[in-house]
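Asker: Mind looking over this structure? Questions follow.
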Amino acid sequence: MIKLENIVKYFHKGSVNEVFALNDINLKLDEGDFVTVIGSNGAGKSTLLNCIAGGFFPDSGRIFIGAHDVTGWPEHQRAALIARVFQNPLLGTCPSATIEQNMALASLRGQRRGLARGVKAKDRERFREELKQLGLGLENRLLDKVGLLSGGQRQALTMLMATLVKPEVLLLDEHIAALDPKTAGQILNLTQEIVKGRKLTTLMITHNMKHAIGFGNRLLMLHQGRVLLDLRGKEKENLTVKDLLAHFYQAQGEELAMDSLLLN
Amino acid sequence: MTLYAALGAVEQGLVYGIMVIGVYLTFRILDFPDLTVDGSLPLGASISAVAITSGLNPYLSLLLALAGGFAAGVVTAVLNTKFKILHLLASILTMIALYSINIRIMAGPNIALLGVDTVFDAVTRFGVPAQYAGLVVFGAFAVFVLGFIIWFMGTEIGQAILATGDNPQMIRSLGVNTHVVIILGVGLSNGLVALSGALVAQNQGAADVGMGIGTIVAGLASVIIGETVFGCQTMARAFIAAVLGSVVYRLAIALALGLELGHFRFNPSDLNLITAILVIGALITPNLKKRLIAR
Ligand SMILES: Nc1ncnc2c1ncn2[C@@H]1O[C@H](COP(=O)(O)OP(=O)(O)OP(=O)(O)O)[C@@H](O)[C@H]1O
Ligand SMILES: [Mg+2]
């Protein structure tokens, strides 16, 4: 469960560069909700996810995750509840550490780190089993440095690492945008399997309308820091790309004609 | 080069190797260029010298030196993480402050350690000939510190340090407070540098406020030479290479200083030039090798 109440976020408040990035966002996700998030560039999608993860604090409003009011928690403290995958495959893993070291780092997400061995013998078997699911042969390369892997392999590993410890909420920010179409499809399927299999509450940002419609049980459209559209259940299931574009027009009028042409 | 000079160079290489381990930790692993070391090396020397002359056991004085160096590193890291001062600038500020502090500690620019017990006396009492005492003590300390740091970097905390230098955004999102990690890492690094300084002082029989000048340069030179000559494929190998790099660096300098080409000889004041040439050589060798192989 995750709840946002009246979240407001400005950047460079009071200067000529002022940006009103989040304009009074109210949102409640139920346990197991898989929400796709769309919106044009600069709509505030990444800002929304960063606010939830604690990359910066909102100017006002409150954030609840599970039973906790996390509004004042720093990023590293919220990590116990949140798993993230970034758009840039390089951001999710440590290049100079090995695959098993990376997985060990992730398997301690949100826990105290001490003087025990970083990679424990008993974890290795589990890591190998998990890696087999990917079908990329990484289970035989535990001691390879992650810097040697391709972007797609790294992103697949990051997806796996994100869920080694079950998070209250999984945040995916255009996590397949930097991959070639085939790899992107594989990672998207993997995402679907993991999210459904482990019943994770998930927010997934995408610029692909088909993906936004085809995945998840709920769809958000952001524009200029506000939630324009929040569809779920039947409404979402019956949605077509055409409907979605119509919604764009309806809410924004002709101003968005250009944007929607581009999105088509 | 005489055997005597070679022995001295290996000794120096080992004792300064402990400092190089510290430099490797900040410079390579944490990606935190830290000039504090030019101040924390003499800090360790001063603390140890003052402690010994006031009657403390020389081994215990090493622990004090370690703690003092750790504190100096913490100051630099706190200035950087909590007060957002650029790491280079933060470390320069601590370094110049330490210059004054070291003079305060010694109540003067230097202290002689004459007629007092040092860590070497314990070894010579066991029957080790005096001219090998340095080698034995420094070798033992270098091996011990190497063992410690390799073990430590394999722990959960050590892995978090590695990740903080590599990808701070990622390790924060895994729940690690990167500020704490940087403070710990830079503290540990300077603790080791101070330990190295304390041992040097006990060996040369004096602590001097000027003995830290050029520490960072020697440290970086050793790191780079070590990487080029011995490689850095694994963490353990990289640290061992750092210490061996320090030994090679001191040997190379001793060699150069002993060189006679007709009437030409290097002066001790040419040391910086020699260091620069050594580092440039180490930096361009891998590249040259590749080109030769490509042909
Ligand atoms: N750290 C920052 N400092 C200043 N302005 C920012 C910052 N982060 C985002 N912004 C601004 O806030 C607005 C929302 O940006 P955000 O990154 O959330 O958009 P987005 O919906 O993720 O867009 P995209 O689809 O391009 O990723 C933009 O106008 C952006 O310029
Ligand atoms: Mg974005």
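Naming works like this for the structure tokens: A, B, ... for the chains as they're shown, residue 1 at the start of each chain, ligands 1 onward in shown order.
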Would you mind listing, as a PyMOL selection string, all residues of chain B that have at least one atom within 6 Å of chain A, where only C-alpha atoms are what counts?
Answerer: chain B and resi 154-157+166-167+170+172-177
Asker: Take the residues from that selection and put them in a file with N, CA, C and O atoms, as a PDB file, in the first residue's frame.
Answerer:
ATOM      1  N   GLY B 154      36.195  -7.612   1.977  1.00  0.00           N
ATOM      2  CA  GLY B 154      35.287  -8.712   1.641  1.00  0.00           C
ATOM      3  C   GLY B 154      34.072  -8.783   2.553  1.00  0.00           C
ATOM      4  O   GLY B 154      33.160  -9.575   2.317  1.00  0.00           O
ATOM      5  N   THR B 155      34.046  -7.956   3.600  1.00  0.00           N
ATOM      6  CA  THR B 155      32.885  -7.987   4.501  1.00  0.00           C
ATOM      7  C   THR B 155      31.739  -7.180   3.903  1.00  0.00           C
ATOM      8  O   THR B 155      31.896  -6.497   2.894  1.00  0.00           O
ATOM      9  N   GLU B 156      30.590  -7.261   4.563  1.00  0.00           N
ATOM     10  CA  GLU B 156      29.411  -6.511   4.088  1.00  0.00           C
ATOM     11  C   GLU B 156      29.711  -5.016   4.039  1.00  0.00           C
ATOM     12  O   GLU B 156      29.357  -4.331   3.079  1.00  0.00           O
ATOM     13  N   ILE B 157      30.395  -4.522   5.072  1.00  0.00           N
ATOM     14  CA  ILE B 157      30.727  -3.088   5.093  1.00  0.00           C
ATOM     15  C   ILE B 157      31.733  -2.767   3.989  1.00  0.00           C
ATOM     16  O   ILE B 157      31.599  -1.770   3.276  1.00  0.00           O
ATOM     17  N   ASP B 166      31.882   3.138  -6.566  1.00  0.00           N
ATOM     18  CA  ASP B 166      31.538   2.704  -7.913  1.00  0.00           C
ATOM     19  C   ASP B 166      30.233   3.316  -8.401  1.00  0.00           C
ATOM     20  O   ASP B 166      30.135   3.770  -9.535  1.00  0.00           O
ATOM     21  N   ASN B 167      29.222   3.290  -7.561  1.00  0.00           N
ATOM     22  CA  ASN B 167      27.877   3.695  -7.972  1.00  0.00           C
ATOM     23  C   ASN B 167      27.078   4.137  -6.749  1.00  0.00           C
ATOM     24  O   ASN B 167      26.251   3.385  -6.230  1.00  0.00           O
ATOM     25  N   MET B 170      23.225   3.818  -6.720  1.00  0.00           N
ATOM     26  CA  MET B 170      22.705   2.467  -6.566  1.00  0.00           C
ATOM     27  C   MET B 170      22.764   2.011  -5.107  1.00  0.00           C
ATOM     28  O   MET B 170      21.794   1.472  -4.584  1.00  0.00           O
ATOM     29  N   ARG B 172      22.871   3.771  -2.407  1.00  0.00           N
ATOM     30  CA  ARG B 172      21.889   4.494  -1.582  1.00  0.00           C
ATOM     31  C   ARG B 172      20.520   3.860  -1.738  1.00  0.00           C
ATOM     32  O   ARG B 172      19.795   3.678  -0.760  1.00  0.00           O
ATOM     33  N   SER B 173      20.178   3.504  -2.973  1.00  0.00           N
ATOM     34  CA  SER B 173      18.856   2.921  -3.190  1.00  0.00           C
ATOM     35  C   SER B 173      18.781   1.510  -2.612  1.00  0.00           C
ATOM     36  O   SER B 173      17.722   0.915  -2.556  1.00  0.00           O
ATOM     37  N   LEU B 174      19.937   0.982  -2.164  1.00  0.00           N
ATOM     38  CA  LEU B 174      19.924  -0.312  -1.469  1.00  0.00           C
ATOM     39  C   LEU B 174      20.016  -0.116   0.044  1.00  0.00           C
ATOM     40  O   LEU B 174      20.240  -1.058   0.793  1.00  0.00           O
ATOM     41  N   GLY B 175      19.896   1.141   0.473  1.00  0.00           N
ATOM     42  CA  GLY B 175      19.766   1.375   1.909  1.00  0.00           C
ATOM     43  C   GLY B 175      21.049   1.720   2.629  1.00  0.00           C
ATOM     44  O   GLY B 175      21.101   1.661   3.857  1.00  0.00           O
ATOM     45  N   VAL B 176      22.100   2.077   1.902  1.00  0.00           N
ATOM     46  CA  VAL B 176      23.350   2.426   2.578  1.00  0.00           C
ATOM     47  C   VAL B 176      23.492   3.944   2.651  1.00  0.00           C
ATOM     48  O   VAL B 176      23.263   4.647   1.671  1.00  0.00           O
ATOM     49  N   ASN B 177      23.842   4.439   3.827  1.00  0.00           N
ATOM     50  CA  ASN B 177      24.089   5.861   4.008  1.00  0.00           C
ATOM     51  C   ASN B 177      25.506   6.152   3.492  1.00  0.00           C
ATOM     52  O   ASN B 177      26.499   5.885   4.158  1.00  0.00           O
TER      53      ASN B 177
END
Asker: Show me which residues are within 10 Å of ligand 2 counting only C-alpha atoms and all ligand atoms, and format the list as a PyMOL selection string.
Answerer: chain A and resi 38-50+86-87+173-174+205-207
Asker: I need the chosen residues saved as an mmCIF file, in the first residue's frame, with C-alpha atoms.
Answerer:
data_model
loop_
_atom_site.group_PDB
_atom_site.id
_atom_site.type_symbol
_atom_site.label_atom_id
_atom_site.label_comp_id
_atom_site.auth_asym_id
_atom_site.auth_seq_id
_atom_site.Cartn_x
_atom_site.Cartn_y
_atom_site.Cartn_z
ATOM 1 C CA ILE A 38 2.423 7.904 -19.129
ATOM 2 C CA GLY A 39 2.742 11.585 -19.973
ATOM 3 C CA SER A 40 4.740 13.852 -22.239
ATOM 4 C CA ASN A 41 8.339 14.871 -21.539
ATOM 5 C CA GLY A 42 8.568 17.029 -18.452
ATOM 6 C CA ALA A 43 5.142 15.976 -17.181
ATOM 7 C CA GLY A 44 6.625 15.111 -13.781
ATOM 8 C CA LYS A 45 6.727 11.308 -13.969
ATOM 9 C CA SER A 46 10.332 10.887 -12.829
ATOM 10 C CA THR A 47 9.859 13.608 -10.223
ATOM 11 C CA LEU A 48 6.913 11.669 -8.807
ATOM 12 C CA LEU A 49 8.990 8.488 -8.495
ATOM 13 C CA ASN A 50 11.929 10.388 -7.026
ATOM 14 C CA PHE A 86 16.442 3.176 -13.584
ATOM 15 C CA GLN A 87 16.305 3.992 -17.280
ATOM 16 C CA ASP A 173 11.417 4.557 -14.600
ATOM 17 C CA GLU A 174 11.440 3.815 -18.352
ATOM 18 C CA ILE A 205 6.784 4.747 -16.353
ATOM 19 C CA THR A 206 6.698 4.208 -20.105
ATOM 20 C CA HIS A 207 6.411 6.237 -23.296
#
Asker: Considering only C-alpha atoms, can you say which of B:Ile161, B:Leu288, B:Met211, B:Ala252 comes closest to Leu25 (chain B)?
Answerer: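 For Leu25 (chain B), the nearest of the candidates is B:Ile161.
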Asker: With distances taken over only C-alpha atoms and all ligand atoms, which residue among A:Phe34, A:Phe56, A:Phe127, A:Phe215 lies nearest ligand 1?
Answerer: A:Phe56
Asker: Looking only at the backbone, which of the residues in region 25-220 of chain B does DSSP tag as strand (DSSP E or B), as a list of chain:residue names?
Answerer: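 Put together, the selection reads B:Asn110, B:Ile111, B:Ala112, B:Thr155, B:Ala206, B:Ala207, B:Asp208.
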Asker: Of the candidates A:Arg128, A:His247, A:His175, A:Arg218, which shows the shortest atom-to-atom distance to ligand 1, using only C-alpha atoms and all ligand atoms?
Answerer: A:His175
Asker: I'd like the neighbourhood of Ile224 (chain B) as an MDAnalysis selection string, where a residue qualifies if any of its atoms comes within 12 Å (using only C-alpha atoms), though same-chain residues fewer than 3 positions away should be ignored.
Answerer: chainID B and resid 20 23:24 27:28 217:221 227:232 238:239 241:246 248:249 275:276 278:286
Asker: Print the selection's residues with N, CA, C and O atoms to a file, as a tab-separated table (two decimals), in the first residue's frame.
Answerer:
chain	number	residue	atom	x	y	z
B	20	VAL	N	50.47	3.54	1.19
B	20	VAL	CA	49.93	3.37	-0.16
B	20	VAL	C	48.59	2.61	-0.13
B	20	VAL	O	47.68	2.90	-0.90
B	23	VAL	N	46.11	5.18	0.49
B	23	VAL	CA	45.88	6.01	-0.70
B	23	VAL	C	45.04	5.24	-1.72
B	23	VAL	O	44.15	5.78	-2.35
B	24	TYR	N	45.32	3.94	-1.86
B	24	TYR	CA	44.55	3.14	-2.81
B	24	TYR	C	43.06	3.14	-2.43
B	24	TYR	O	42.18	3.25	-3.28
B	27	PHE	N	41.76	6.89	-3.21
B	27	PHE	CA	41.93	7.33	-4.58
B	27	PHE	C	41.25	6.40	-5.58
B	27	PHE	O	40.52	6.84	-6.46
B	28	ARG	N	41.45	5.10	-5.42
B	28	ARG	CA	40.93	4.16	-6.40
B	28	ARG	C	39.55	3.61	-6.02
B	28	ARG	O	38.67	3.50	-6.86
B	217	VAL	N	52.06	12.27	-3.57
B	217	VAL	CA	52.71	12.00	-4.85
B	217	VAL	C	53.35	10.62	-4.84
B	217	VAL	O	53.16	9.81	-5.76
B	218	ALA	N	54.08	10.33	-3.76
B	218	ALA	CA	54.69	8.99	-3.64
B	218	ALA	C	53.61	7.92	-3.64
B	218	ALA	O	53.77	6.87	-4.25
B	219	GLY	N	52.51	8.20	-2.94
B	219	GLY	CA	51.41	7.24	-2.85
B	219	GLY	C	50.83	6.94	-4.22
B	219	GLY	O	50.67	5.77	-4.61
B	220	LEU	N	50.51	7.99	-4.96
B	220	LEU	CA	49.92	7.80	-6.28
B	220	LEU	C	50.90	7.11	-7.22
B	220	LEU	O	50.53	6.22	-7.99
B	221	ALA	N	52.16	7.53	-7.15
B	221	ALA	CA	53.19	6.91	-8.00
B	221	ALA	C	53.23	5.41	-7.74
B	221	ALA	O	53.23	4.59	-8.67
B	227	GLU	N	49.86	-1.04	-10.25
B	227	GLU	CA	48.83	-1.50	-11.19
B	227	GLU	C	49.43	-1.92	-12.52
B	227	GLU	O	49.04	-2.92	-13.10
B	228	THR	N	50.40	-1.13	-12.98
B	228	THR	CA	50.99	-1.43	-14.29
B	228	THR	C	51.81	-2.71	-14.24
B	228	THR	O	51.72	-3.55	-15.13
B	229	VAL	N	52.61	-2.85	-13.18
B	229	VAL	CA	53.53	-3.99	-13.13
B	229	VAL	C	52.83	-5.26	-12.68
B	229	VAL	O	53.05	-6.34	-13.23
B	230	PHE	N	51.94	-5.16	-11.67
B	230	PHE	CA	51.40	-6.37	-11.06
B	230	PHE	C	49.91	-6.60	-11.33
B	230	PHE	O	49.37	-7.64	-10.98
B	231	GLY	N	49.22	-5.63	-11.93
B	231	GLY	CA	47.82	-5.83	-12.27
B	231	GLY	C	46.87	-5.62	-11.10
B	231	GLY	O	47.31	-5.52	-9.95
B	232	CYS	N	45.58	-5.51	-11.41
B	232	CYS	CA	44.61	-5.25	-10.34
B	232	CYS	C	43.29	-5.94	-10.64
B	232	CYS	O	42.22	-5.39	-10.46
B	238	ALA	N	44.95	-6.21	-6.18
B	238	ALA	CA	45.16	-4.77	-6.30
B	238	ALA	C	45.88	-4.22	-5.07
B	238	ALA	O	46.80	-3.40	-5.19
B	239	PHE	N	45.50	-4.68	-3.88
B	239	PHE	CA	46.14	-4.18	-2.67
B	239	PHE	C	47.58	-4.67	-2.57
B	239	PHE	O	48.48	-3.92	-2.18
B	241	ALA	N	49.44	-5.44	-5.07
B	241	ALA	CA	50.16	-4.69	-6.10
B	241	ALA	C	50.52	-3.29	-5.59
B	241	ALA	O	51.58	-2.76	-5.92
B	242	ALA	N	49.64	-2.70	-4.80
B	242	ALA	CA	49.91	-1.35	-4.28
B	242	ALA	C	51.16	-1.36	-3.41
B	242	ALA	O	52.04	-0.49	-3.52
B	243	VAL	N	51.27	-2.37	-2.52
B	243	VAL	CA	52.44	-2.45	-1.64
B	243	VAL	C	53.70	-2.76	-2.45
B	243	VAL	O	54.75	-2.13	-2.26
B	244	LEU	N	53.58	-3.73	-3.37
B	244	LEU	CA	54.73	-4.05	-4.20
B	244	LEU	C	55.13	-2.86	-5.06
B	244	LEU	O	56.31	-2.60	-5.30
B	245	GLY	N	54.13	-2.12	-5.52
B	245	GLY	CA	54.39	-0.91	-6.30
B	245	GLY	C	55.21	0.08	-5.50
B	245	GLY	O	56.12	0.74	-6.03
B	246	SER	N	54.92	0.16	-4.21
B	246	SER	CA	55.67	1.04	-3.32
B	246	SER	C	57.13	0.60	-3.24
B	246	SER	O	58.06	1.42	-3.27
B	248	VAL	N	58.79	-1.20	-5.52
B	248	VAL	CA	59.42	-0.94	-6.82
B	248	VAL	C	59.77	0.54	-6.95
B	248	VAL	O	60.84	0.91	-7.44
B	249	TYR	N	58.85	1.39	-6.50
B	249	TYR	CA	59.06	2.84	-6.58
B	249	TYR	C	60.32	3.25	-5.81
B	249	TYR	O	61.18	3.98	-6.32
B	275	THR	N	60.41	10.95	-9.90
B	275	THR	CA	59.07	10.44	-9.63
B	275	THR	C	58.16	10.68	-10.82
B	275	THR	O	57.44	9.78	-11.27
B	276	ALA	N	58.20	11.91	-11.33
B	276	ALA	CA	57.33	12.24	-12.47
B	276	ALA	C	57.62	11.32	-13.65
B	276	ALA	O	56.71	10.79	-14.28
B	278	LEU	N	58.95	8.33	-13.59
B	278	LEU	CA	58.50	6.97	-13.26
B	278	LEU	C	57.01	6.82	-13.50
B	278	LEU	O	56.54	5.85	-14.10
B	279	VAL	N	56.24	7.81	-13.02
B	279	VAL	CA	54.78	7.71	-13.14
B	279	VAL	C	54.37	7.79	-14.60
B	279	VAL	O	53.53	7.01	-15.07
B	280	ILE	N	54.99	8.71	-15.34
B	280	ILE	CA	54.67	8.81	-16.77
B	280	ILE	C	54.98	7.49	-17.45
B	280	ILE	O	54.19	6.96	-18.23
B	281	GLY	N	56.13	6.92	-17.11
B	281	GLY	CA	56.50	5.63	-17.68
B	281	GLY	C	55.45	4.57	-17.39
B	281	GLY	O	55.01	3.85	-18.28
B	282	ALA	N	55.01	4.51	-16.12
B	282	ALA	CA	54.02	3.50	-15.74
B	282	ALA	C	52.70	3.73	-16.45
B	282	ALA	O	52.00	2.80	-16.82
B	283	LEU	N	52.36	5.00	-16.65
B	283	LEU	CA	51.08	5.32	-17.27
B	283	LEU	C	51.06	4.98	-18.76
B	283	LEU	O	50.02	4.57	-19.28
B	284	ILE	N	52.20	5.20	-19.43
B	284	ILE	CA	52.15	4.99	-20.89
B	284	ILE	C	52.58	3.58	-21.30
B	284	ILE	O	52.33	3.17	-22.42
B	285	THR	N	53.17	2.81	-20.38
B	285	THR	CA	53.62	1.47	-20.76
B	285	THR	C	52.50	0.59	-21.31
B	285	THR	O	52.66	-0.03	-22.36
B	286	PRO	N	51.33	0.50	-20.62
B	286	PRO	CA	50.27	-0.39	-21.13
B	286	PRO	C	49.88	-0.02	-22.55
B	286	PRO	O	49.65	-0.90	-23.39
Asker: Using DSSP assignments from the backbone, pull out every residue in region 127-165 of chain A that falls under helix (DSSP H, G or I) and give it to me as a list in words.
Answerer: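 The residues of region 127-165 of chain A classed as helix (DSSP H, G or I) are Phe127, Arg128, Glu129, Glu130, Leu131, Lys132, Leu138, Glu139, Asn140, Val146, Gly147, Leu148, Gly151, Gly152, Gln153, Arg154, Gln155, Ala156, Leu157, Thr158, Met159, Leu160, Met161 and Ala162 of chain A.
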Asker: Restricted to C-alpha atoms, what would the selected residues look like written as a PDB file, in the first residue's frame?
Answerer:
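The result, stored in result-v6.pdb:
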ATOM      1  CA  PHE A 127      21.747 -16.588  -6.625  1.00  0.00           C
ATOM      2  CA  ARG A 128      22.392 -19.278  -9.185  1.00  0.00           C
ATOM      3  CA  GLU A 129      18.783 -20.466  -9.040  1.00  0.00           C
ATOM      4  CA  GLU A 130      17.472 -16.917  -9.418  1.00  0.00           C
ATOM      5  CA  LEU A 131      19.794 -16.209 -12.350  1.00  0.00           C
ATOM      6  CA  LYS A 132      18.591 -19.342 -14.149  1.00  0.00           C
ATOM      7  CA  LEU A 138      24.485 -15.669 -16.124  1.00  0.00           C
ATOM      8  CA  GLU A 139      24.252 -18.480 -13.550  1.00  0.00           C
ATOM      9  CA  ASN A 140      27.614 -19.717 -14.856  1.00  0.00           C
ATOM     10  CA  VAL A 146      29.239  -6.729 -14.109  1.00  0.00           C
ATOM     11  CA  GLY A 147      31.063  -4.132 -16.201  1.00  0.00           C
ATOM     12  CA  LEU A 148      31.604  -6.914 -18.747  1.00  0.00           C
ATOM     13  CA  GLY A 151      23.181  -3.201 -21.211  1.00  0.00           C
ATOM     14  CA  GLY A 152      20.336  -5.687 -21.552  1.00  0.00           C
ATOM     15  CA  GLN A 153      22.042  -8.262 -19.342  1.00  0.00           C
ATOM     16  CA  ARG A 154      22.728  -5.596 -16.748  1.00  0.00           C
ATOM     17  CA  GLN A 155      19.110  -4.447 -16.786  1.00  0.00           C
ATOM     18  CA  ALA A 156      17.874  -8.029 -16.426  1.00  0.00           C
ATOM     19  CA  LEU A 157      20.220  -8.475 -13.463  1.00  0.00           C
ATOM     20  CA  THR A 158      18.967  -5.205 -11.966  1.00  0.00           C
ATOM     21  CA  MET A 159      15.342  -6.405 -12.231  1.00  0.00           C
ATOM     22  CA  LEU A 160      16.293  -9.562 -10.390  1.00  0.00           C
ATOM     23  CA  MET A 161      18.277  -7.677  -7.750  1.00  0.00           C
ATOM     24  CA  ALA A 162      15.352  -5.326  -7.154  1.00  0.00           C
TER      25      ALA A 162
END
Asker: Which one of A:Lys3, A:Lys122, A:His12, A:His211 sits closest to ligand 1 if you count only C-alpha atoms and all ligand atoms?
Answerer: A:His12
Asker: Just the number, please: distance in Å from CA of Met95 (chain B) to CA of Ser40 (chain B), one decimal.
Answerer: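 Answer for the CA of Met95 (chain B) to CA of Ser40 (chain B) separation: 7.4 Å.
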Asker: Can you list, as an MDAnalysis selection string, every protein, DNA or RNA residue that comes within 12 Å of region 229-240 of chain A when you count only C-alpha atoms, leaving out same-chain residues fewer than 2 positions away?
Answerer: chainID A and resid 25:30 33:39 209:223 226:227 242:248 250:252
Asker: Set the distance at 9 Å and use only C-alpha atoms: which residues neighbour Leu188 (chain A) once local chain neighbours fewer than 4 positions away are removed? I'd like the list as a VMD selection string.
Answerer: chain A and resid 175 to 176 183 to 184 192 to 193 211
Asker: Store the residues picked out above, limited to all heavy atoms, as a PDB file, in the first residue's frame.
Answerer:
ATOM      1  N   HIS A 175      12.394   1.701 -17.670  1.00  0.00           N
ATOM      2  CA  HIS A 175      13.523   0.787 -17.468  1.00  0.00           C
ATOM      3  C   HIS A 175      13.879  -0.021 -18.711  1.00  0.00           C
ATOM      4  O   HIS A 175      14.861  -0.752 -18.693  1.00  0.00           O
ATOM      5  CB  HIS A 175      13.267  -0.126 -16.274  1.00  0.00           C
ATOM      6  CG  HIS A 175      12.193  -1.147 -16.485  1.00  0.00           C
ATOM      7  ND1 HIS A 175      10.932  -0.824 -16.898  1.00  0.00           N
ATOM      8  CD2 HIS A 175      12.207  -2.489 -16.333  1.00  0.00           C
ATOM      9  CE1 HIS A 175      10.203  -1.918 -16.982  1.00  0.00           C
ATOM     10  NE2 HIS A 175      10.950  -2.943 -16.648  1.00  0.00           N
ATOM     11  N   ILE A 176      13.085   0.086 -19.779  1.00  0.00           N
ATOM     12  CA  ILE A 176      13.465  -0.633 -21.002  1.00  0.00           C
ATOM     13  C   ILE A 176      13.782   0.323 -22.140  1.00  0.00           C
ATOM     14  O   ILE A 176      14.074  -0.097 -23.264  1.00  0.00           O
ATOM     15  CB  ILE A 176      12.379  -1.632 -21.455  1.00  0.00           C
ATOM     16  CG1 ILE A 176      11.060  -0.890 -21.680  1.00  0.00           C
ATOM     17  CG2 ILE A 176      12.198  -2.748 -20.447  1.00  0.00           C
ATOM     18  CD1 ILE A 176      10.056  -1.744 -22.427  1.00  0.00           C
ATOM     19  N   THR A 183      15.505  -7.109 -26.791  1.00  0.00           N
ATOM     20  CA  THR A 183      15.862  -7.174 -25.375  1.00  0.00           C
ATOM     21  C   THR A 183      14.796  -6.484 -24.540  1.00  0.00           C
ATOM     22  O   THR A 183      14.422  -6.970 -23.469  1.00  0.00           O
ATOM     23  CB  THR A 183      17.218  -6.492 -25.133  1.00  0.00           C
ATOM     24  OG1 THR A 183      18.108  -6.886 -26.160  1.00  0.00           O
ATOM     25  CG2 THR A 183      17.798  -6.885 -23.793  1.00  0.00           C
ATOM     26  N   ALA A 184      14.297  -5.339 -25.029  1.00  0.00           N
ATOM     27  CA  ALA A 184      13.261  -4.605 -24.295  1.00  0.00           C
ATOM     28  C   ALA A 184      12.056  -5.516 -24.059  1.00  0.00           C
ATOM     29  O   ALA A 184      11.518  -5.565 -22.946  1.00  0.00           O
ATOM     30  CB  ALA A 184      12.849  -3.360 -25.068  1.00  0.00           C
ATOM     31  N   GLN A 192       6.822  -8.456 -16.072  1.00  0.00           N
ATOM     32  CA  GLN A 192       5.462  -8.972 -15.893  1.00  0.00           C
ATOM     33  C   GLN A 192       5.461 -10.198 -14.983  1.00  0.00           C
ATOM     34  O   GLN A 192       4.696 -10.280 -14.034  1.00  0.00           O
ATOM     35  CB  GLN A 192       4.903  -9.322 -17.278  1.00  0.00           C
ATOM     36  CG  GLN A 192       3.579 -10.016 -17.262  1.00  0.00           C
ATOM     37  CD  GLN A 192       2.458  -9.023 -17.474  1.00  0.00           C
ATOM     38  OE1 GLN A 192       2.477  -7.917 -16.933  1.00  0.00           O
ATOM     39  NE2 GLN A 192       1.479  -9.392 -18.272  1.00  0.00           N
ATOM     40  N   GLU A 193       6.366 -11.152 -15.284  1.00  0.00           N
ATOM     41  CA  GLU A 193       6.444 -12.389 -14.493  1.00  0.00           C
ATOM     42  C   GLU A 193       6.739 -12.093 -13.036  1.00  0.00           C
ATOM     43  O   GLU A 193       6.084 -12.598 -12.130  1.00  0.00           O
ATOM     44  CB  GLU A 193       7.586 -13.271 -15.009  1.00  0.00           C
ATOM     45  CG  GLU A 193       7.222 -14.219 -16.119  1.00  0.00           C
ATOM     46  CD  GLU A 193       8.478 -14.849 -16.705  1.00  0.00           C
ATOM     47  OE1 GLU A 193       9.379 -15.196 -15.919  1.00  0.00           O
ATOM     48  OE2 GLU A 193       8.556 -14.953 -17.950  1.00  0.00           O
ATOM     49  N   HIS A 211       2.320  -0.535 -24.407  1.00  0.00           N
ATOM     50  CA  HIS A 211       2.748  -1.148 -23.145  1.00  0.00           C
ATOM     51  C   HIS A 211       1.899  -0.630 -21.996  1.00  0.00           C
ATOM     52  O   HIS A 211       1.491  -1.381 -21.118  1.00  0.00           O
ATOM     53  CB  HIS A 211       4.226  -0.837 -22.866  1.00  0.00           C
ATOM     54  CG  HIS A 211       5.165  -1.491 -23.825  1.00  0.00           C
ATOM     55  ND1 HIS A 211       6.479  -1.119 -23.949  1.00  0.00           N
ATOM     56  CD2 HIS A 211       4.970  -2.499 -24.712  1.00  0.00           C
ATOM     57  CE1 HIS A 211       7.061  -1.868 -24.873  1.00  0.00           C
ATOM     58  NE2 HIS A 211       6.166  -2.704 -25.354  1.00  0.00           N
TER      59      HIS A 211
END
Asker: Measure the distance from CA of Val10 (chain B) to CA of Ser61 (chain B) in Å and round it to one decimal.
Answerer: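 CA of Ser61 (chain B) lies at a distance of 24.1 Å from CA of Val10 (chain B).
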Asker: Between CA of Asp121 (chain B) and CA of Asp208 (chain B), measure the distance and give it in Å to one decimal.
Answerer: 21.3 Å
